[in-house]
Amino acid sequence: MATGKINVSVENIFPLIKKFLYSDHEIFLRELVSNATDATLKLKHLTSIGEAQVEYGNPIIEIKVDKDNKKIHIIDQGIGMTEAEVKKYINEVAFSGAEEFLDKYKDSGKDTGIIGHFGLGFYSAFMVAEKVEIVTKSFKDEPAVRWVCDGSPEFELSEADKTERGTEIILHVAEDSTEFLEEARIRTLLTKYNKFMPIPIKFGTRTETLPKPEGAKEDDPAPTKEVDDIINNPNPAWTKKPTDLEAEDYKSFYRELYPMQFEEPLFHIHLNVDYPFNLTGILYFPKLTNDLNIQKDKIQLYQNQVFVTDNVEGIVPEFLTMLRGVIDSPDIPLNVSRSYLQADGAVKKISSYITKKVADKLSSLFKNNREDFESKWNDIKVVIEYGMLSEDKFFDKADKFALYPTVDGKYYTFEELIEKVKDNQTDKDNKTVLLYASNTEEQHSYTEAAKAKGYEVLLLDSPIVAHLLQKLETSKENISFARVDADHVDNLIKKEEETISKLSDDEKEALKGELEKVLGEKSSYTVQLEAMDSNAQPFMITEPEFMRRMKD
Ligand code: ADP
Ligand code: MG
């Protein structure tokens, strides 16, 4: 047995870690399962490039709670550690073996999905444990080792009798953390943080019902068998190529994400980019009501399939926080404050990429199936209107597919609407006036009166639309919105009909001659032919104002 001193400059770092490193004690499990996953992925990589001459097999990670002895075990079948590696990776706090690995296998290892990078995750174990044991056996042909540390900078290192490859972490749970000895609590944590991690995670067993054997009687009980209870889906939909997924796969992944949500999503957007930043994910448009208190914070943020948070504020624009789904990016710096996050260049790019993808998806739905898009409008308008109001870039794109429904159930884009009403709904300042009702029942008689005059009446009843109208009035030329029961609606004018004269130029000249003859040569009247082109009258005879007054 050997003893040594953990290599940190601060005399006793553990109280500090316990207090300040992570505000949430529960993340210790996420960190330890992440390390177990990394150890397994490293072995996978080394066997695939021939650097480890061992069978990779079908490794799993197992979590066990031993309430009687107040212990939690996290067991993996990954690369394990030699004595030298324990000294190097464990005893040097804030030295990340994950980063070192990625550095060493820069080219071949960049898609391994390895999680760790700060070199602090392991020590989060001391947030809940008064003593931590590591029993580990490297895939290399070296004896297994046991490391024990009770939270002081002193540790013990000795040979162990472990024969299978991999690492077992044993937490001796502290008195103030016994909540983590409850099986239900651990299961909740595993489901929250590890539900989509890439290596199967076993937590106990469950009873599986098998099909009845042939010839079994009606009331014979179906046979059962105990199987590993694997709590995660190691291959979630967002990690797959969009071309490998069917519509049904997206729907079933939605149910996996929100087991309590019975309504199906309207459509999805698969995010997949690896330059200039790495990001994958699937966003869903749920049916949204007019109620602005809709539950936000439904988008989950992951890093390499490890759940991080469901608060994506600062990462996606606010109007998209109404959507649901998953974003996975190792490029989002999460150990910083939200305000710093919003100023971060990479995060800004991520945010505008997501906005663009959402706009593009909506635009293609609009173009490919207008009827279907119209039928969904009421369920998606809140997001679109809110986006148009708050993000100028989104406004520019959405302006082409945002719809303005009428009380009669027609749907116009803005351009179509103007085209439709511009000749019929003009005010004295020559602005095109767009009429709308916000409540069809209360404004029924006004709406009917306006329709009787041939006006189009929009039905704009979302809570955001009033603000959007203001924005449209300032950003579009020569239009104004008026509620159908406003006073000046009575004073709208039709633009004068343009009747183009059917006479040819020669015929016009002849007509002018004839008229002048009738009026007499010295007449003060003039015949205006220009009027023929723009007015309903065939011609116009005018008399100068002074001549008219002289006669009075
Ligand atoms: P990080 O994961 O950021 O590298 P950690 O503090 O979580 O930092 O872990 C430190 C190092 O300890 C890891 O990089 C790895 O080399 C080693 N380690 C931790 N857990 C295991 C494990 N289960 N199997 C093998 N090595 C491990
Ligand atoms: Mg780690």
# chains A, B, ... in the order shown; residues from 1 in each chain; ligands from 1
>>> residues_near_ligand(ligand="ligand 1", cutoff="8 Å", atoms="only C-alpha atoms and all ligand atoms", output="VMD selection string")
chain A and resid 31 to 40 75 to 76 78 to 81 85 to 86 89 to 90 93 to 101 115 to 123 136 166 to 169
>>> residues_around(residues="Ser351 in chain A", least_positions_apart="5", cutoff="9 Å", atoms="only C-alpha atoms", output="mmCIF file with N, CA and C atoms, in the first residue's frame")
data_model
loop_
_atom_site.group_PDB
_atom_site.id
_atom_site.type_symbol
_atom_site.label_atom_id
_atom_site.label_comp_id
_atom_site.auth_asym_id
_atom_site.auth_seq_id
_atom_site.Cartn_x
_atom_site.Cartn_y
_atom_site.Cartn_z
ATOM 1 N N GLY A 314 -31.317 32.788 -24.080
ATOM 2 C CA GLY A 314 -30.001 33.280 -24.491
ATOM 3 C C GLY A 314 -29.381 32.426 -25.584
ATOM 4 N N ILE A 315 -29.893 31.222 -25.770
ATOM 5 C CA ILE A 315 -29.318 30.339 -26.789
ATOM 6 C C ILE A 315 -30.218 30.292 -28.016
ATOM 7 N N VAL A 316 -31.523 30.202 -27.781
ATOM 8 C CA VAL A 316 -32.430 30.385 -28.918
ATOM 9 C C VAL A 316 -33.188 31.688 -28.680
ATOM 10 N N PRO A 317 -33.578 32.382 -29.759
ATOM 11 C CA PRO A 317 -34.309 33.632 -29.575
ATOM 12 C C PRO A 317 -35.591 33.367 -28.782
ATOM 13 N N ALA A 346 -20.127 32.606 -30.774
ATOM 14 C CA ALA A 346 -20.606 31.302 -31.243
ATOM 15 C C ALA A 346 -22.093 31.138 -30.946
ATOM 16 N N LYS A 356 -32.974 30.936 -38.748
ATOM 17 C CA LYS A 356 -33.028 30.770 -40.198
ATOM 18 C C LYS A 356 -33.659 29.421 -40.572
#
>>> select_by_dssp(residues="range 75-147 of chain A", states="alpha helix (DSSP H)", output="list in words")
Glu83, Ala84, Glu85, Gly97, Ala98, Glu99, Glu100, Phe101, Leu102, Asp103 and Lys104 of chain A
>>> write_last_selection(atoms="C-alpha atoms", output="short mmCIF file (atom, residue, chain, number, x, y, z; two decimals), in the first residue's frame")
data_model
loop_
_atom_site.label_atom_id
_atom_site.label_comp_id
_atom_site.auth_asym_id
_atom_site.auth_seq_id
_atom_site.Cartn_x
_atom_site.Cartn_y
_atom_site.Cartn_z
CA GLU A 83 -1.83 2.80 -11.23
CA ALA A 84 0.12 5.44 -13.12
CA GLU A 85 -3.06 6.68 -14.76
CA GLY A 97 -7.98 13.16 -19.22
CA ALA A 98 -10.80 13.63 -21.71
CA GLU A 99 -9.17 16.72 -23.14
CA GLU A 100 -5.82 14.97 -23.27
CA PHE A 101 -7.37 12.05 -25.15
CA LEU A 102 -9.06 14.31 -27.68
CA ASP A 103 -5.79 16.17 -28.15
CA LYS A 104 -3.89 12.97 -28.77
#
>>> residues_around(residues="Glu62 in chain A", least_positions_apart="6", cutoff="9 Å", atoms="only C-alpha atoms", output="VMD selection string")
chain A and resid 73 to 76 200 to 204
>>> residues_around(residues="range 264-268 of chain A", least_positions_apart="2", cutoff="10 Å", atoms="only C-alpha atoms", output="ChimeraX atom specification")
/A:247,250-252,254-255,261-262,270-271,282-288,323-325,358,361-362,365,376,379-380
>>> write_last_selection(atoms="N, CA and C atoms", output="short mmCIF file (atom, residue, chain, number, x, y, z; two decimals), in the first residue's frame")
data_model
loop_
_atom_site.label_atom_id
_atom_site.label_comp_id
_atom_site.auth_asym_id
_atom_site.auth_seq_id
_atom_site.Cartn_x
_atom_site.Cartn_y
_atom_site.Cartn_z
N ALA A 247 -41.45 9.98 -40.98
CA ALA A 247 -42.31 10.87 -40.19
C ALA A 247 -42.67 10.23 -38.85
N TYR A 250 -40.06 10.58 -36.07
CA TYR A 250 -40.06 11.88 -35.41
C TYR A 250 -41.17 11.96 -34.38
N LYS A 251 -42.31 11.41 -34.74
CA LYS A 251 -43.44 11.44 -33.80
C LYS A 251 -43.15 10.59 -32.57
N SER A 252 -42.55 9.42 -32.79
CA SER A 252 -42.33 8.57 -31.62
C SER A 252 -41.21 9.15 -30.74
N TYR A 254 -40.87 12.31 -30.26
CA TYR A 254 -41.59 13.35 -29.51
C TYR A 254 -42.26 12.74 -28.28
N ARG A 255 -42.86 11.58 -28.47
CA ARG A 255 -43.51 10.91 -27.33
C ARG A 255 -42.48 10.47 -26.28
N GLN A 261 -47.36 14.16 -22.88
CA GLN A 261 -47.97 15.04 -23.86
C GLN A 261 -48.74 14.21 -24.87
N PHE A 262 -50.08 14.38 -24.92
CA PHE A 262 -50.83 13.49 -25.78
C PHE A 262 -51.08 14.06 -27.17
N HIS A 270 -35.37 19.40 -38.36
CA HIS A 270 -34.16 18.67 -37.96
C HIS A 270 -32.95 19.57 -38.15
N LEU A 271 -32.23 19.85 -37.09
CA LEU A 271 -31.05 20.72 -37.16
C LEU A 271 -29.81 19.83 -37.26
N ILE A 282 -33.62 18.40 -32.88
CA ILE A 282 -34.92 18.39 -33.56
C ILE A 282 -35.83 19.34 -32.80
N LEU A 283 -36.41 20.28 -33.51
CA LEU A 283 -37.39 21.17 -32.88
C LEU A 283 -38.78 20.80 -33.38
N TYR A 284 -39.74 20.90 -32.50
CA TYR A 284 -41.12 20.60 -32.86
C TYR A 284 -41.99 21.83 -32.66
N PHE A 285 -42.92 22.03 -33.59
CA PHE A 285 -43.96 23.04 -33.40
C PHE A 285 -45.14 22.35 -32.74
N PRO A 286 -45.43 22.68 -31.49
CA PRO A 286 -46.64 22.11 -30.89
C PRO A 286 -47.83 22.96 -31.29
N LYS A 287 -49.02 22.47 -31.04
CA LYS A 287 -50.21 23.30 -31.22
C LYS A 287 -50.18 24.37 -30.15
N LEU A 288 -50.22 25.63 -30.54
CA LEU A 288 -50.19 26.68 -29.53
C LEU A 288 -51.52 27.40 -29.51
N LEU A 323 -41.28 26.65 -28.72
CA LEU A 323 -41.21 25.35 -29.39
C LEU A 323 -40.76 24.27 -28.41
N ARG A 324 -40.70 23.04 -28.89
CA ARG A 324 -40.24 21.94 -28.06
C ARG A 324 -39.14 21.20 -28.79
N GLY A 325 -38.49 20.29 -28.09
CA GLY A 325 -37.49 19.47 -28.76
C GLY A 325 -36.14 19.50 -28.07
N VAL A 358 -35.78 27.66 -38.90
CA VAL A 358 -37.22 27.69 -38.62
C VAL A 358 -37.94 28.46 -39.73
N LYS A 361 -38.05 26.40 -42.92
CA LYS A 361 -39.03 25.30 -42.84
C LYS A 361 -40.45 25.83 -43.07
N LEU A 362 -40.77 26.93 -42.40
CA LEU A 362 -42.11 27.51 -42.56
C LEU A 362 -42.34 27.92 -44.00
N LEU A 365 -43.02 24.86 -46.10
CA LEU A 365 -44.37 24.33 -45.85
C LEU A 365 -45.41 25.18 -46.58
N LYS A 376 -53.05 25.12 -40.51
CA LYS A 376 -52.28 25.13 -39.27
C LYS A 376 -52.07 26.53 -38.72
N ASP A 379 -52.69 27.63 -35.16
CA ASP A 379 -51.90 26.97 -34.12
C ASP A 379 -50.45 27.43 -34.09
N ILE A 380 -50.02 28.10 -35.13
CA ILE A 380 -48.61 28.48 -35.17
C ILE A 380 -48.40 29.99 -35.20
#
>>> residues_around(residues="Leu434 in chain A", least_positions_apart="5", cutoff="8 Å", atoms="only C-alpha atoms", output="list in words")
Val421, Gln425, Glu456, Val457, Leu458, Ile479, Ser480, Phe481 and Ala482 of chain A
>>> atom_distance(atom1="CA of Gly409 in chain A", atom2="CA of Leu459 in chain A")
8.6 Å
>>> residues_around(residues="Ala398 in chain A", least_positions_apart="4", cutoff="7 Å", atoms="only C-alpha atoms", output="list in words")
Ala359, Met388, Phe394 and Ala402 of chain A
>>> residues_around(residues="Asp111 in chain A", least_positions_apart="3", cutoff="12 Å", atoms="only C-alpha atoms", output="list of chain:residue names")
A:Leu41, A:Lys42, A:Lys44, A:His45, A:Leu102, A:Tyr105, A:Lys106, A:Asp107, A:Ser108, A:Ile114, A:Ile115, A:Thr239, A:Asp274, A:Asn278, A:Asn304, A:Pro330
>>> write_last_selection(atoms="N, CA and C atoms", output="mmCIF file, in the first residue's frame")
data_model
loop_
_atom_site.group_PDB
_atom_site.id
_atom_site.type_symbol
_atom_site.label_atom_id
_atom_site.label_comp_id
_atom_site.auth_asym_id
_atom_site.auth_seq_id
_atom_site.Cartn_x
_atom_site.Cartn_y
_atom_site.Cartn_z
ATOM 1 N N LEU A 41 -16.354 4.868 -24.483
ATOM 2 C CA LEU A 41 -16.152 5.392 -25.838
ATOM 3 C C LEU A 41 -14.667 5.408 -26.220
ATOM 4 N N LYS A 42 -13.810 5.653 -25.225
ATOM 5 C CA LYS A 42 -12.368 5.628 -25.499
ATOM 6 C C LYS A 42 -11.947 4.227 -25.925
ATOM 7 N N LYS A 44 -13.842 1.989 -27.237
ATOM 8 C CA LYS A 44 -14.430 1.740 -28.552
ATOM 9 C C LYS A 44 -13.518 2.310 -29.641
ATOM 10 N N HIS A 45 -13.047 3.526 -29.386
ATOM 11 C CA HIS A 45 -12.187 4.166 -30.369
ATOM 12 C C HIS A 45 -10.862 3.431 -30.516
ATOM 13 N N LEU A 102 -8.613 13.681 -26.440
ATOM 14 C CA LEU A 102 -9.062 14.312 -27.683
ATOM 15 C C LEU A 102 -7.907 15.007 -28.390
ATOM 16 N N TYR A 105 -5.804 12.170 -30.056
ATOM 17 C CA TYR A 105 -6.427 11.540 -31.227
ATOM 18 C C TYR A 105 -7.221 12.588 -32.009
ATOM 19 N N LYS A 106 -6.573 13.720 -32.198
ATOM 20 C CA LYS A 106 -7.223 14.880 -32.811
ATOM 21 C C LYS A 106 -8.039 14.522 -34.054
ATOM 22 N N ASP A 107 -7.396 13.836 -34.991
ATOM 23 C CA ASP A 107 -8.072 13.596 -36.260
ATOM 24 C C ASP A 107 -9.058 12.450 -36.183
ATOM 25 N N SER A 108 -8.578 11.298 -35.715
ATOM 26 C CA SER A 108 -9.454 10.138 -35.722
ATOM 27 C C SER A 108 -10.512 10.230 -34.624
ATOM 28 N N ILE A 114 -16.848 12.111 -26.979
ATOM 29 C CA ILE A 114 -16.340 12.158 -25.603
ATOM 30 C C ILE A 114 -16.787 13.447 -24.903
ATOM 31 N N ILE A 115 -17.217 13.294 -23.651
ATOM 32 C CA ILE A 115 -17.942 14.353 -22.964
ATOM 33 C C ILE A 115 -17.063 15.295 -22.139
ATOM 34 N N THR A 239 -29.575 12.169 -33.297
ATOM 35 C CA THR A 239 -28.206 11.808 -33.658
ATOM 36 C C THR A 239 -28.160 11.088 -35.012
ATOM 37 N N ASP A 274 -22.211 21.122 -38.911
ATOM 38 C CA ASP A 274 -20.952 20.911 -38.204
ATOM 39 C C ASP A 274 -19.927 22.004 -38.481
ATOM 40 N N ASN A 278 -20.797 23.139 -34.101
ATOM 41 C CA ASN A 278 -21.379 21.820 -34.138
ATOM 42 C C ASN A 278 -22.732 21.843 -33.441
ATOM 43 N N ASN A 304 -23.289 16.417 -26.213
ATOM 44 C CA ASN A 304 -22.914 15.026 -26.473
ATOM 45 C C ASN A 304 -23.868 14.043 -25.782
ATOM 46 N N PRO A 330 -21.829 20.741 -28.410
ATOM 47 C CA PRO A 330 -20.704 20.831 -27.485
ATOM 48 C C PRO A 330 -20.100 22.233 -27.495
#
>>> atom_distance(atom1="CA of Glu477 in chain A", atom2="CA of Gln443 in chain A")
27.6 Å
>>> closest_residue(among="A:Lys71, A:Lys110, A:Lys217, A:Lys428", to="Ala174 in chain A", atoms="only C-alpha atoms")
A:Lys71
>>> atom_distance(atom1="CA of Val433 in chain A", atom2="CA of Phe373 in chain A")
26.2 Å
>>> closest_residue(among="A:Thr207, A:Thr178, A:Ser462, A:Thr432", to="Ile493 in chain A", atoms="only C-alpha atoms")
A:Thr432
